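Visitor: You'll find model.tsv just under this line, and it carries TSV, C-alpha atoms and all ligand atoms.
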chain	number	residue	atom	x	y	z
I	114	MET	CA	0.00	0.00	0.00
I	115	THR	CA	1.32	3.46	-0.85
I	116	ASP	CA	1.89	5.93	1.97
I	117	HIS	CA	-0.92	8.25	0.88
I	118	ALA	CA	-3.46	5.45	0.73
I	119	VAL	CA	-5.79	4.77	3.66
I	120	ARG	CA	-7.68	1.51	3.94
I	121	VAL	CA	-11.41	1.85	3.69
I	122	ALA	CA	-13.51	0.56	6.58
I	123	PRO	CA	-14.49	-3.09	6.16
I	124	ALA	CA	-17.41	-3.85	3.87
I	125	GLY	CA	-20.68	-3.27	5.66
I	126	ALA	CA	-19.47	0.01	7.10
I	127	ASP	CA	-20.10	3.33	5.43
I	128	VAL	CA	-18.42	2.90	2.07
I	129	ALA	CA	-18.98	6.32	0.55
I	130	THR	CA	-18.85	9.70	2.18
I	131	THR	CA	-22.42	10.46	3.08
I	132	ASN	CA	-21.93	13.61	5.16
I	133	GLY	CA	-24.29	12.22	7.77
I	134	ARG	CA	-27.22	11.90	5.34
I	135	GLU	CA	-29.03	8.61	4.85
I	136	PRO	CA	-28.15	6.93	1.55
I	137	LEU	CA	-31.05	6.21	-0.77
I	138	LEU	CA	-29.47	2.91	-1.77
I	139	SER	CA	-26.83	0.87	0.06
I	140	VAL	CA	-25.37	-2.14	-1.69
I	141	ARG	CA	-23.08	-4.37	0.37
I	142	ASP	CA	-20.95	-7.34	-0.72
I	143	LEU	CA	-23.31	-8.12	-3.57
I	144	VAL	CA	-22.55	-11.41	-5.30
I	145	GLN	CA	-24.26	-12.87	-8.35
I	146	GLU	CA	-23.21	-16.14	-9.94
I	147	TYR	CA	-24.67	-18.31	-12.67
I	148	VAL	CA	-24.19	-22.06	-12.83
I	149	THR	CA	-23.45	-23.26	-16.35
I	150	ARG	CA	-24.64	-26.71	-17.36
I	151	GLY	CA	-23.74	-29.12	-20.14
I	152	PRO	CA	-25.65	-32.04	-21.68
I	153	GLY	CA	-27.98	-33.73	-19.21
I	154	GLY	CA	-27.96	-30.67	-16.95
I	155	VAL	CA	-24.51	-31.54	-15.58
I	156	LYS	CA	-22.89	-28.55	-13.87
I	157	THR	CA	-19.90	-27.38	-15.90
I	158	GLY	CA	-18.91	-24.23	-14.09
I	159	VAL	CA	-19.86	-21.03	-12.29
I	160	VAL	CA	-19.89	-17.58	-13.91
I	161	HIS	CA	-18.69	-15.07	-11.31
I	162	ALA	CA	-20.65	-12.16	-12.81
I	163	VAL	CA	-20.68	-9.85	-9.74
I	164	SER	CA	-18.25	-10.51	-6.91
I	165	GLY	CA	-18.61	-8.45	-3.76
I	166	VAL	CA	-19.77	-5.03	-4.92
I	167	SER	CA	-20.47	-2.36	-2.26
I	168	PHE	CA	-21.47	1.29	-2.62
I	169	ASP	CA	-23.91	3.94	-1.42
I	170	LEU	CA	-26.05	6.19	-3.59
I	171	MET	CA	-27.41	9.42	-2.15
I	172	PRO	CA	-30.85	10.90	-2.95
I	173	GLY	CA	-30.71	12.96	-6.13
I	174	GLU	CA	-27.25	11.64	-7.05
I	175	THR	CA	-26.18	10.13	-10.37
I	176	LEU	CA	-23.69	7.27	-10.17
I	177	GLY	CA	-22.23	6.21	-13.51
I	178	ILE	CA	-21.18	2.58	-13.92
I	179	VAL	CA	-18.62	1.87	-16.63
I	180	GLY	CA	-16.61	-1.16	-17.68
I	181	GLU	CA	-16.02	-3.40	-20.67
I	182	THR	CA	-18.65	-5.70	-22.03
I	183	GLY	CA	-19.20	-8.63	-19.66
I	184	SER	CA	-17.87	-6.79	-16.60
I	185	GLY	CA	-21.16	-7.35	-14.77
I	186	LYS	CA	-22.91	-3.97	-15.07
I	187	SER	CA	-26.32	-5.30	-16.15
I	188	THR	CA	-26.12	-8.20	-13.71
I	189	LEU	CA	-25.50	-5.69	-10.91
I	190	ALA	CA	-28.54	-3.69	-12.02
I	191	ARG	CA	-30.77	-6.79	-12.11
I	192	ALA	CA	-29.60	-7.88	-8.67
I	193	ILE	CA	-30.31	-4.41	-7.24
I	194	ILE	CA	-33.84	-4.12	-8.62
I	195	GLN	CA	-34.48	-7.79	-7.73
I	196	VAL	CA	-35.31	-8.98	-11.23
I	197	GLU	CA	-32.91	-11.70	-10.11
I	198	THR	CA	-32.22	-12.67	-6.51
I	199	PRO	CA	-28.51	-12.18	-5.79
I	200	ARG	CA	-26.48	-15.14	-4.53
I	201	SER	CA	-25.49	-13.14	-1.43
I	202	GLY	CA	-25.10	-9.62	-0.11
I	203	THR	CA	-27.59	-6.91	0.81
I	204	VAL	CA	-29.48	-4.21	-1.06
I	205	ARG	CA	-31.01	-1.59	1.21
I	206	PHE	CA	-33.30	0.95	-0.49
I	207	GLN	CA	-35.16	3.71	1.37
I	208	GLY	CA	-34.44	1.88	4.61
I	209	GLN	CA	-35.78	-1.49	3.47
I	210	ASP	CA	-33.80	-4.67	2.78
I	211	LEU	CA	-34.85	-5.88	-0.65
I	212	VAL	CA	-33.14	-9.27	-0.86
I	213	GLY	CA	-35.59	-11.98	0.14
I	214	MET	CA	-38.71	-9.79	-0.15
I	215	SER	CA	-41.85	-11.40	-1.53
I	216	LYS	CA	-42.95	-10.58	-5.09
I	217	ARG	CA	-45.77	-8.48	-3.65
I	218	GLU	CA	-43.40	-6.41	-1.53
I	219	ILE	CA	-41.02	-5.97	-4.46
I	220	LYS	CA	-43.89	-4.73	-6.59
I	221	LYS	CA	-44.50	-1.96	-4.03
I	222	VAL	CA	-40.80	-1.05	-4.03
I	223	ARG	CA	-40.87	-0.75	-7.84
I	224	ALA	CA	-43.05	2.34	-7.49
I	225	ASN	CA	-39.91	4.02	-6.17
I	226	MET	CA	-37.21	2.23	-8.17
I	227	GLN	CA	-37.60	1.87	-11.91
I	228	MET	CA	-35.45	0.68	-14.79
I	229	VAL	CA	-35.05	2.08	-18.31
I	230	TYR	CA	-33.48	-0.34	-20.79
I	231	GLN	CA	-31.43	0.09	-23.95
I	232	ASP	CA	-34.11	-1.06	-26.38
I	233	PRO	CA	-37.32	0.91	-25.79
I	234	PHE	CA	-39.22	-1.20	-28.34
I	235	GLY	CA	-38.31	-4.35	-26.41
I	236	SER	CA	-39.75	-2.88	-23.21
I	237	LEU	CA	-43.00	-1.46	-24.67
I	238	ASN	CA	-45.86	-3.80	-25.61
I	239	PRO	CA	-46.24	-3.25	-29.39
I	240	ARG	CA	-50.02	-3.83	-29.28
I	241	TRP	CA	-50.73	-1.20	-26.64
I	242	ARG	CA	-51.30	2.49	-27.27
I	243	VAL	CA	-48.85	4.92	-25.69
I	244	SER	CA	-51.55	6.05	-23.25
I	245	ASP	CA	-52.06	2.46	-22.02
I	246	VAL	CA	-48.32	1.88	-21.71
I	247	ILE	CA	-47.91	4.94	-19.48
I	248	ALA	CA	-51.13	4.31	-17.55
I	249	GLU	CA	-50.21	0.71	-16.65
I	250	PRO	CA	-48.23	1.52	-13.45
I	251	LEU	CA	-50.97	3.97	-12.40
I	252	LEU	CA	-53.54	1.23	-12.76
I	253	GLY	CA	-51.49	-1.21	-10.68
I	254	HIS	CA	-50.39	1.15	-7.91
I	255	THR	CA	-53.01	3.88	-7.51
I	256	SER	CA	-56.78	4.15	-7.14
I	257	MET	CA	-57.04	6.89	-9.79
I	258	THR	CA	-60.22	7.05	-11.85
I	259	ARG	CA	-60.04	6.60	-15.63
I	260	GLU	CA	-60.24	10.39	-16.09
I	261	GLN	CA	-57.52	11.03	-13.53
I	262	ARG	CA	-55.28	8.48	-15.24
I	263	ALA	CA	-55.88	10.06	-18.65
I	264	ALA	CA	-55.00	13.50	-17.24
I	265	ARG	CA	-51.85	12.11	-15.60
I	266	VAL	CA	-50.80	10.39	-18.85
I	267	ASP	CA	-51.11	13.71	-20.71
I	268	GLU	CA	-49.12	15.44	-17.96
I	269	LEU	CA	-46.39	12.80	-18.24
I	270	LEU	CA	-46.28	13.07	-22.05
I	271	GLU	CA	-45.83	16.84	-21.69
I	272	LEU	CA	-43.12	16.25	-19.11
I	273	VAL	CA	-41.07	14.10	-21.53
I	274	GLY	CA	-41.58	16.50	-24.42
I	275	LEU	CA	-44.26	14.67	-26.46
I	276	ARG	CA	-47.46	16.49	-27.45
I	277	PRO	CA	-50.30	14.45	-25.88
I	278	SER	CA	-52.77	14.97	-28.74
I	279	THR	CA	-50.20	13.67	-31.24
I	280	TYR	CA	-48.77	10.75	-29.30
I	281	ARG	CA	-51.29	9.35	-26.82
I	282	HIS	CA	-53.04	7.15	-29.41
I	283	ARG	CA	-49.93	5.92	-31.21
I	284	ARG	CA	-48.53	2.44	-30.84
I	285	PRO	CA	-44.83	1.93	-30.08
I	286	LEU	CA	-43.97	0.90	-33.65
I	287	GLU	CA	-45.31	4.25	-34.89
I	288	LEU	CA	-42.62	6.03	-32.85
I	289	SER	CA	-38.96	6.80	-33.56
I	290	GLY	CA	-36.33	5.35	-31.20
I	291	GLY	CA	-36.04	8.65	-29.34
I	292	GLN	CA	-39.81	9.02	-28.99
I	293	ALA	CA	-40.15	5.43	-27.77
I	294	GLN	CA	-37.43	6.01	-25.16
I	295	ARG	CA	-39.30	9.14	-24.02
I	296	VAL	CA	-42.42	7.00	-23.56
I	297	ALA	CA	-40.40	4.43	-21.57
I	298	ILE	CA	-39.10	7.29	-19.41
I	299	ALA	CA	-42.63	8.68	-18.92
I	300	ARG	CA	-43.77	5.26	-17.71
I	301	ALA	CA	-40.73	4.98	-15.42
I	302	VAL	CA	-41.46	8.32	-13.70
I	303	ALA	CA	-45.27	7.85	-13.60
I	304	LEU	CA	-45.34	6.94	-9.90
I	305	GLY	CA	-42.74	9.47	-8.79
I	306	PRO	CA	-39.78	7.13	-8.16
I	307	ALA	CA	-36.69	8.15	-6.19
I	308	LEU	CA	-34.30	6.07	-8.32
I	309	ILE	CA	-34.11	5.15	-11.98
I	310	ILE	CA	-31.60	2.58	-13.19
I	311	CYS	CA	-30.67	3.42	-16.79
I	312	ASP	CA	-29.06	0.38	-18.43
I	313	GLU	CA	-27.52	1.72	-21.65
I	314	ALA	CA	-30.70	3.83	-21.95
I	315	THR	CA	-29.26	6.17	-24.58
I	316	SER	CA	-26.84	3.76	-26.29
I	317	SER	CA	-29.06	2.81	-29.22
I	318	LEU	CA	-29.87	6.43	-30.11
I	319	ASP	CA	-27.94	8.49	-32.65
I	320	VAL	CA	-25.80	11.34	-31.36
I	321	LEU	CA	-28.33	14.16	-31.71
I	322	ILE	CA	-31.25	12.23	-30.22
I	323	ARG	CA	-28.99	10.88	-27.48
I	324	ALA	CA	-28.12	14.45	-26.45
I	325	GLN	CA	-31.83	15.35	-26.34
I	326	VAL	CA	-32.73	12.33	-24.21
I	327	LEU	CA	-29.80	13.07	-21.88
I	328	ASN	CA	-31.09	16.65	-21.54
I	329	LEU	CA	-34.50	15.21	-20.65
I	330	LEU	CA	-32.99	12.88	-18.00
I	331	GLU	CA	-31.11	15.82	-16.49
I	332	LYS	CA	-34.25	17.99	-16.49
I	333	LEU	CA	-36.24	15.22	-14.77
I	334	ARG	CA	-33.51	14.75	-12.23
I	335	GLU	CA	-33.80	18.37	-11.18
I	336	GLU	CA	-37.58	18.61	-11.34
I	337	LEU	CA	-38.30	15.28	-9.63
I	338	ASN	CA	-35.19	15.00	-7.42
I	339	LEU	CA	-34.34	11.68	-9.05
I	340	ALA	CA	-31.24	9.62	-8.42
I	341	TYR	CA	-29.83	7.61	-11.30
I	342	LEU	CA	-27.66	4.56	-11.60
I	343	PHE	CA	-26.40	5.25	-15.08
I	344	ILE	CA	-24.85	2.23	-16.80
I	345	ALA	CA	-23.15	2.92	-20.12
I	346	HIS	CA	-20.28	1.91	-22.37
I	347	ASP	CA	-19.93	5.46	-23.56
I	348	LEU	CA	-17.49	7.12	-21.19
I	349	ALA	CA	-18.22	10.64	-22.48
I	350	THR	CA	-21.94	10.23	-21.73
I	351	VAL	CA	-21.18	8.95	-18.22
I	352	LYS	CA	-18.88	11.91	-17.58
I	353	ARG	CA	-21.59	14.32	-18.67
I	354	VAL	CA	-24.36	13.01	-16.44
I	355	SER	CA	-22.65	11.54	-13.36
I	356	ASP	CA	-21.62	12.94	-9.99
I	357	ARG	CA	-19.58	9.85	-9.15
I	358	VAL	CA	-18.45	6.90	-11.22
I	359	ALA	CA	-17.83	3.22	-10.45
I	360	VAL	CA	-15.40	1.43	-12.76
I	361	MET	CA	-16.21	-2.29	-12.99
I	362	HIS	CA	-13.76	-4.97	-14.04
I	363	LEU	CA	-14.74	-8.61	-14.11
I	364	GLY	CA	-17.52	-8.32	-11.54
I	365	GLN	CA	-15.68	-6.05	-9.10
I	366	LEU	CA	-15.32	-2.32	-8.51
I	367	ALA	CA	-11.80	-1.34	-9.55
I	368	GLU	CA	-12.29	2.34	-8.77
I	369	PHE	CA	-14.98	4.56	-7.30
I	370	GLY	CA	-15.04	8.31	-6.92
I	371	PRO	CA	-16.15	11.75	-8.10
I	372	VAL	CA	-16.41	11.59	-11.88
I	373	ASP	CA	-14.20	14.63	-12.57
I	374	GLU	CA	-11.48	13.30	-10.29
I	375	VAL	CA	-11.52	9.76	-11.69
I	376	TYR	CA	-11.54	10.95	-15.31
I	377	ALA	CA	-8.81	13.56	-14.75
I	378	ALA	CA	-6.56	11.32	-12.67
I	379	PRO	CA	-7.59	7.65	-12.64
I	380	ARG	CA	-5.64	5.74	-10.00
I	381	HIS	CA	-6.41	2.15	-11.08
I	382	PRO	CA	-4.41	0.93	-14.10
I	383	TYR	CA	-7.64	-0.51	-15.53
I	384	SER	CA	-9.46	2.83	-15.34
I	385	ARG	CA	-6.45	4.51	-16.96
I	386	ALA	CA	-6.51	1.94	-19.80
I	387	LEU	CA	-10.28	2.24	-20.20
I	388	LEU	CA	-10.06	6.04	-20.46
I	389	ASP	CA	-7.09	5.83	-22.85
I	390	SER	CA	-9.16	3.55	-25.10
I	391	ILE	CA	-11.50	6.39	-26.13
I	392	PRO	CA	-10.49	8.93	-28.78
I	393	VAL	CA	-10.11	12.44	-27.34
I	394	LEU	CA	-10.24	15.54	-29.50
I	395	ASP	CA	-7.50	18.10	-28.86
I	396	ILE	CA	-9.50	21.34	-28.77
I	397	GLU	CA	-6.54	23.50	-29.89
I	398	THR	CA	-5.39	21.41	-32.86
I	399	GLY	CA	-8.71	19.77	-33.69
I	400	ILE	CA	-6.83	16.46	-33.99
I	401	ALA	CA	-8.16	13.37	-32.27
I	402	LYS	CA	-5.66	11.68	-29.95
I	403	ARG	CA	-5.27	8.07	-31.06
I	404	PRO	CA	-6.98	5.74	-28.64
I	405	VAL	CA	-4.82	3.09	-27.00
I	406	ALA	CA	-6.30	-0.41	-27.10
I	407	LEU	CA	-7.06	-2.00	-23.73
I	408	PRO	CA	-4.35	-4.54	-22.92
I	409	GLY	CA	-5.28	-8.18	-23.57
I	410	GLU	CA	-8.69	-9.79	-23.38
I	411	PRO	CA	-10.69	-9.73	-20.14
I	412	PRO	CA	-10.18	-13.08	-18.38
I	413	SER	CA	-13.17	-15.43	-18.26
I	414	PRO	CA	-15.59	-14.85	-15.38
I	415	LEU	CA	-15.81	-18.66	-15.28
I	416	ASN	CA	-12.27	-18.77	-13.97
I	417	PRO	CA	-11.16	-15.34	-12.73
I	418	PRO	CA	-7.46	-14.88	-11.90
I	419	SER	CA	-6.41	-15.25	-8.26
I	420	GLY	CA	-5.65	-12.10	-6.28
I	421	CYS	CA	-6.30	-9.04	-8.42
I	422	ARG	CA	-8.51	-9.92	-11.37
I	423	PHE	CA	-6.76	-7.32	-13.55
I	424	ARG	CA	-3.23	-8.57	-12.90
I	425	THR	CA	-2.97	-10.73	-16.05
I	426	ARG	CA	-3.43	-7.55	-18.12
I	427	CYS	CA	-1.54	-5.14	-15.88
I	428	ALA	CA	1.99	-3.83	-16.56
I	429	ARG	CA	2.41	-2.92	-12.87
I	430	ALA	CA	1.55	-6.38	-11.50
I	431	GLN	CA	3.94	-8.02	-9.01
I	432	ASP	CA	3.84	-11.32	-7.11
I	433	VAL	CA	1.50	-10.00	-4.41
I	434	CYS	CA	-1.12	-9.21	-7.06
I	435	ALA	CA	-1.50	-12.94	-7.79
I	436	GLU	CA	-1.63	-13.85	-4.12
I	437	VAL	CA	-3.74	-11.24	-2.38
I	438	GLU	CA	-6.97	-9.66	-3.52
I	439	PRO	CA	-6.48	-5.89	-3.17
I	440	GLU	CA	-8.67	-4.18	-0.59
I	441	ARG	CA	-10.59	-1.08	-1.49
I	442	THR	CA	-8.44	1.81	-0.36
I	443	LYS	CA	-9.06	5.55	-0.04
I	444	VAL	CA	-6.75	7.69	-2.14
I	445	SER	CA	-8.57	10.92	-1.32
I	446	ASP	CA	-11.64	11.98	0.60
I	447	ARG	CA	-14.25	10.33	-1.67
I	448	HIS	CA	-12.03	8.43	-4.09
I	449	GLU	CA	-11.30	4.72	-3.62
I	450	VAL	CA	-9.29	2.21	-5.58
I	451	SER	CA	-8.80	-1.57	-5.37
I	452	CYS	CA	-5.15	-1.93	-6.36
I	453	HIS	CA	-1.89	-2.89	-4.61
I	454	PHE	CA	0.04	-0.36	-6.72
I	455	PRO	CA	-2.29	2.52	-7.60
I	456	LEU	CA	-1.06	5.14	-10.03
I	457	ALA	CA	0.42	8.23	-8.39
I	458	ALA	CA	-1.66	11.37	-8.12
I	459	PRO	CA	-0.56	13.93	-10.76
I	501	LIG	N1	-28.28	-15.52	-17.11
I	501	LIG	C1	-26.97	-15.70	-17.25
I	501	LIG	N2	-26.44	-16.94	-17.27
I	501	LIG	C2	-25.10	-17.14	-17.39
I	501	LIG	N3	-24.21	-16.15	-17.51
I	501	LIG	C3	-24.68	-14.89	-17.51
I	501	LIG	C4	-26.08	-14.60	-17.38
I	501	LIG	N4	-26.22	-13.25	-17.41
I	501	LIG	C5	-24.99	-12.72	-17.53
I	501	LIG	N5	-24.05	-13.71	-17.60
I	501	LIG	C6	-22.61	-13.54	-17.71
I	501	LIG	O1	-22.21	-12.69	-16.65
I	501	LIG	C7	-21.16	-11.82	-17.06
I	501	LIG	C8	-21.58	-10.39	-16.83
I	501	LIG	O2	-22.59	-10.06	-17.80
I	501	LIG	P1	-23.31	-8.65	-17.85
I	501	LIG	O3	-24.31	-8.69	-18.95
I	501	LIG	O4	-23.78	-8.30	-16.50
I	501	LIG	O5	-22.11	-7.67	-18.25
I	501	LIG	P2	-22.21	-6.17	-18.78
I	501	LIG	O6	-21.05	-5.46	-18.16
I	501	LIG	O7	-23.56	-5.63	-18.53
I	501	LIG	O8	-21.97	-6.36	-20.33
I	501	LIG	P3	-22.56	-5.46	-21.53
I	501	LIG	O9	-21.86	-4.14	-21.38
I	501	LIG	O10	-22.14	-6.20	-22.75
I	501	LIG	O11	-24.03	-5.37	-21.34
I	501	LIG	C9	-20.88	-12.17	-18.54
I	501	LIG	O12	-19.81	-13.09	-18.58
I	501	LIG	C10	-22.16	-12.82	-18.98
I	501	LIG	O13	-21.93	-13.73	-20.03
Show me the file's structure as structure tokens.
Ligand SMILES: Nc1ncnc2c1ncn2[C@@H]1O[C@H](COP(=O)(O)OP(=O)(O)OP(=O)(O)O)[C@@H](O)[C@H]1O
Guide:
Amino acid sequence: MTDHAVRVAPAGADVATTNGREPLLSVRDLVQEYVTRGPGGVKTGVVHAVSGVSFDLMPGETLGIVGETGSGKSTLARAIIQVETPRSGTVRFQGQDLVGMSKREIKKVRANMQMVYQDPFGSLNPRWRVSDVIAEPLLGHTSMTREQRAARVDELLELVGLRPSTYRHRRPLELSGGQAQRVAIARAVALGPALIICDEATSSLDVLIRAQVLNLLEKLREELNLAYLFIAHDLATVKRVSDRVAVMHLGQLAEFGPVDEVYAAPRHPYSRALLDSIPVLDIETGIAKRPVALPGEPPSPLNPPSGCRFRTRCARAQDVCAEVEPERTKVSDRHEVSCHFPLAAP
């Protein structure tokens, strides 16, 4: 451990700096694994998709989650919202422990925690009209009359920038990708949630529409005091929307901290490599800096390396990296890194 690094309190204690406020969401030691089976249902292995993830999210905060494909971002999201029951660990949301809740209890929680997916057409029933799609959660969770629901649907359409008279009777396939994602967002905010998990929610949209939908998400965040878990491949998008960022590598958090700090001075060699892998435009010369390819292939989550899971790809790795799993360590007030040899601060 470097002299400026301070070990973080053991998992289960306060992982992020919360300034005495109650976190909206506390995830502790979350583990999700999938058993793989061959012919005859014989167990062939275990996919270690999420391995001991812990963090806090504050009300109104946006936490970006980045990492290569297969690093466990979507699995983490599913285990938080209880689409899948995690193998172990805890998820505490608005003071309630979600793991082990009955389906009925989870349904109630979903009024306050919603998910927006990458493919809006996949998440909207193609046979339903837009008004029915948005009214569905109101029907299930409130005792509104038909007229009240219709008024609320129009209000929600206005909120997401779609003219009610034009869009309420359309079916999803009569919408563009951006319009369909706006409808998915209207449905997600219908019950006034405190948290929306966006899983690549703007990734399938072209650049201009993506910017518009990001503006909408930011507007809703301010107007409705929403918190977001914002999962995306696109590092520039994550930088734009997030307060803090979690960098995932092979099911674990490699680095966690304020987004400006992590992007300006990543301390984990994996975060550095991930950030170097995107082209950056030099504003003065107008020339794009050549991206540097990430070193090697990510190891298989079926058989992750011992010790540090990044060590087989890491130029800084030494013997200890194969023997001891690095603990999450504070490198500044709110910035933590899981590495035996973190990069020096600039
Ligand atoms: N139901 C499942 N059964 C078996 N393995 C799974 C299952 N779901 C996910 N995995 C595996 O778990 C690992 C993590 O997958 P996950 O989709 O969470 O990663 P991701 O970071 O979201 O990737 P992407 O950015 O491509 O969406 C991968 O190796 C994936 O193949």
Visitor: Find the residue from I:Pro459, I:Pro439, I:Gly180, I:Pro382 that sits nearest to ligand LIG 501 (chain I); use all atoms listed in the file when measuring.
Guide: I:Gly180
Visitor: With only C-alpha atoms as the basis for distance, which of I:Thr255, I:Ser139, I:Asn338, I:Thr175 is at the shortest distance from I:Ser355?
Guide: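 Among the listed residues, the smallest separation from I:Ser355 belongs to I:Thr175.
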Visitor: What is the distance, in Å and to one decimal place, between atom CA of I:Val204 and atom N2 of ligand LIG 501 (chain I)?
Guide: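 These two atoms are separated by 20.8 Å.
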Visitor: My list of candidates is I:Glu436, I:Asp267, I:Glu218, I:Glu313. Which is closest to I:Ala190 when distances are computed with only C-alpha atoms?
Guide: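 Of all the options, I:Glu313 lies closest to I:Ala190.
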Visitor: For ligand LIG 501 (chain I), list the contacting residues at 6 Å or closer, counting only C-alpha atoms and all ligand atoms, as a PyMOL selection string.
Guide: chain I and resi 147+160+162+181-188+414
Visitor: Which residue out of I:Val144, I:Cys434, I:Val450, I:Val444 has the minimum interatomic distance to I:Glu368 when only C-alpha atoms are used?
Guide: I:Val450
Visitor: Residues within 10 Å of I:Leu366, please, as a PyMOL selection string. Count all atoms listed in the file; anything in the same chain fewer than 2 positions from it doesn't count.
Guide: chain I and resi 163-168+178-180+184-185+359-364+368-369+441+449-451
Visitor: Go through I:Leu272, I:Gly253, I:Arg205, I:Arg357 one by one, measure the shortest atom-to-atom distance of each to I:Arg217 using all atoms listed in the file, and give the residue with the smallest value.
Guide: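 Counting all atoms listed in the file, the residue closest to I:Arg217 is I:Gly253.
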Visitor: With only C-alpha atoms as the atoms that count, which of I:Pro250, I:Pro306, I:Gly409, I:Gly290 lies nearest to I:Gln207?
Guide: I:Pro306
Visitor: If you measure from atom CA of I:Leu318 to atom CA of I:Arg240, what distance in Å do you get, rounded to one decimal?
Guide: 22.6 Å
Visitor: If you measure from atom CA of I:Leu252 to atom CA of I:Leu138, what distance in Å do you get, rounded to one decimal?
Guide: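 Separating atom CA of I:Leu252 from atom CA of I:Leu138 is a distance of 26.5 Å.
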Visitor: Please list as a PDB file with C-alpha atoms, in the coordinates of the input every residue within 12 Å of I:Val326, counting only C-alpha atoms and excluding residues in the same chain fewer than 3 positions away.
Guide:
ATOM      1  CA  VAL I 273     -41.070  14.100 -21.530  1.00  0.00           C
ATOM      2  CA  GLY I 274     -41.580  16.500 -24.420  1.00  0.00           C
ATOM      3  CA  LEU I 275     -44.260  14.670 -26.460  1.00  0.00           C
ATOM      4  CA  GLY I 290     -36.330   5.350 -31.200  1.00  0.00           C
ATOM      5  CA  GLY I 291     -36.040   8.650 -29.340  1.00  0.00           C
ATOM      6  CA  GLN I 292     -39.810   9.020 -28.990  1.00  0.00           C
ATOM      7  CA  ALA I 293     -40.150   5.430 -27.770  1.00  0.00           C
ATOM      8  CA  GLN I 294     -37.430   6.010 -25.160  1.00  0.00           C
ATOM      9  CA  ARG I 295     -39.300   9.140 -24.020  1.00  0.00           C
ATOM     10  CA  VAL I 296     -42.420   7.000 -23.560  1.00  0.00           C
ATOM     11  CA  ALA I 297     -40.400   4.430 -21.570  1.00  0.00           C
ATOM     12  CA  ILE I 298     -39.100   7.290 -19.410  1.00  0.00           C
ATOM     13  CA  ALA I 299     -42.630   8.680 -18.920  1.00  0.00           C
ATOM     14  CA  CYS I 311     -30.670   3.420 -16.790  1.00  0.00           C
ATOM     15  CA  ALA I 314     -30.700   3.830 -21.950  1.00  0.00           C
ATOM     16  CA  THR I 315     -29.260   6.170 -24.580  1.00  0.00           C
ATOM     17  CA  SER I 316     -26.840   3.760 -26.290  1.00  0.00           C
ATOM     18  CA  SER I 317     -29.060   2.810 -29.220  1.00  0.00           C
ATOM     19  CA  LEU I 318     -29.870   6.430 -30.110  1.00  0.00           C
ATOM     20  CA  ASP I 319     -27.940   8.490 -32.650  1.00  0.00           C
ATOM     21  CA  VAL I 320     -25.800  11.340 -31.360  1.00  0.00           C
ATOM     22  CA  LEU I 321     -28.330  14.160 -31.710  1.00  0.00           C
ATOM     23  CA  ILE I 322     -31.250  12.230 -30.220  1.00  0.00           C
ATOM     24  CA  ARG I 323     -28.990  10.880 -27.480  1.00  0.00           C
ATOM     25  CA  LEU I 329     -34.500  15.210 -20.650  1.00  0.00           C
ATOM     26  CA  LEU I 330     -32.990  12.880 -18.000  1.00  0.00           C
ATOM     27  CA  GLU I 331     -31.110  15.820 -16.490  1.00  0.00           C
ATOM     28  CA  LYS I 332     -34.250  17.990 -16.490  1.00  0.00           C
ATOM     29  CA  LEU I 333     -36.240  15.220 -14.770  1.00  0.00           C
ATOM     30  CA  THR I 350     -21.940  10.230 -21.730  1.00  0.00           C
ATOM     31  CA  VAL I 354     -24.360  13.010 -16.440  1.00  0.00           C
TER      32      VAL I 354
END
Visitor: Show me the residues around (-5.2, 0.3, -6.4) - criterion: an atom at most 12 Å away, all atoms listed in the file counted - as a PyMOL selection string.
Guide: chain I and resi 114-115+117-121+366-369+379-385+421-424+427+429-430+434+438-444+448-458
Visitor: Just want the 12 Å neighbourhood of I:Lys221, counted on all atoms listed in the file, with same-chain residues fewer than 5 positions away dropped. Output as a list in words.
Guide: Ile194, Gln209, Leu211, Met214, Ser215, Lys216, Met226, Gln227, Pro250, Gly253, His254, Thr255, Leu304 and Pro306 of chain I
Visitor: Determine, counting only C-alpha atoms, which protein, DNA and RNA residues have an atom within 8 Å of an atom of I:Arg426; residues of the same chain fewer than 4 positions away are not included. Present the result as a count of residues only.
Guide: 4
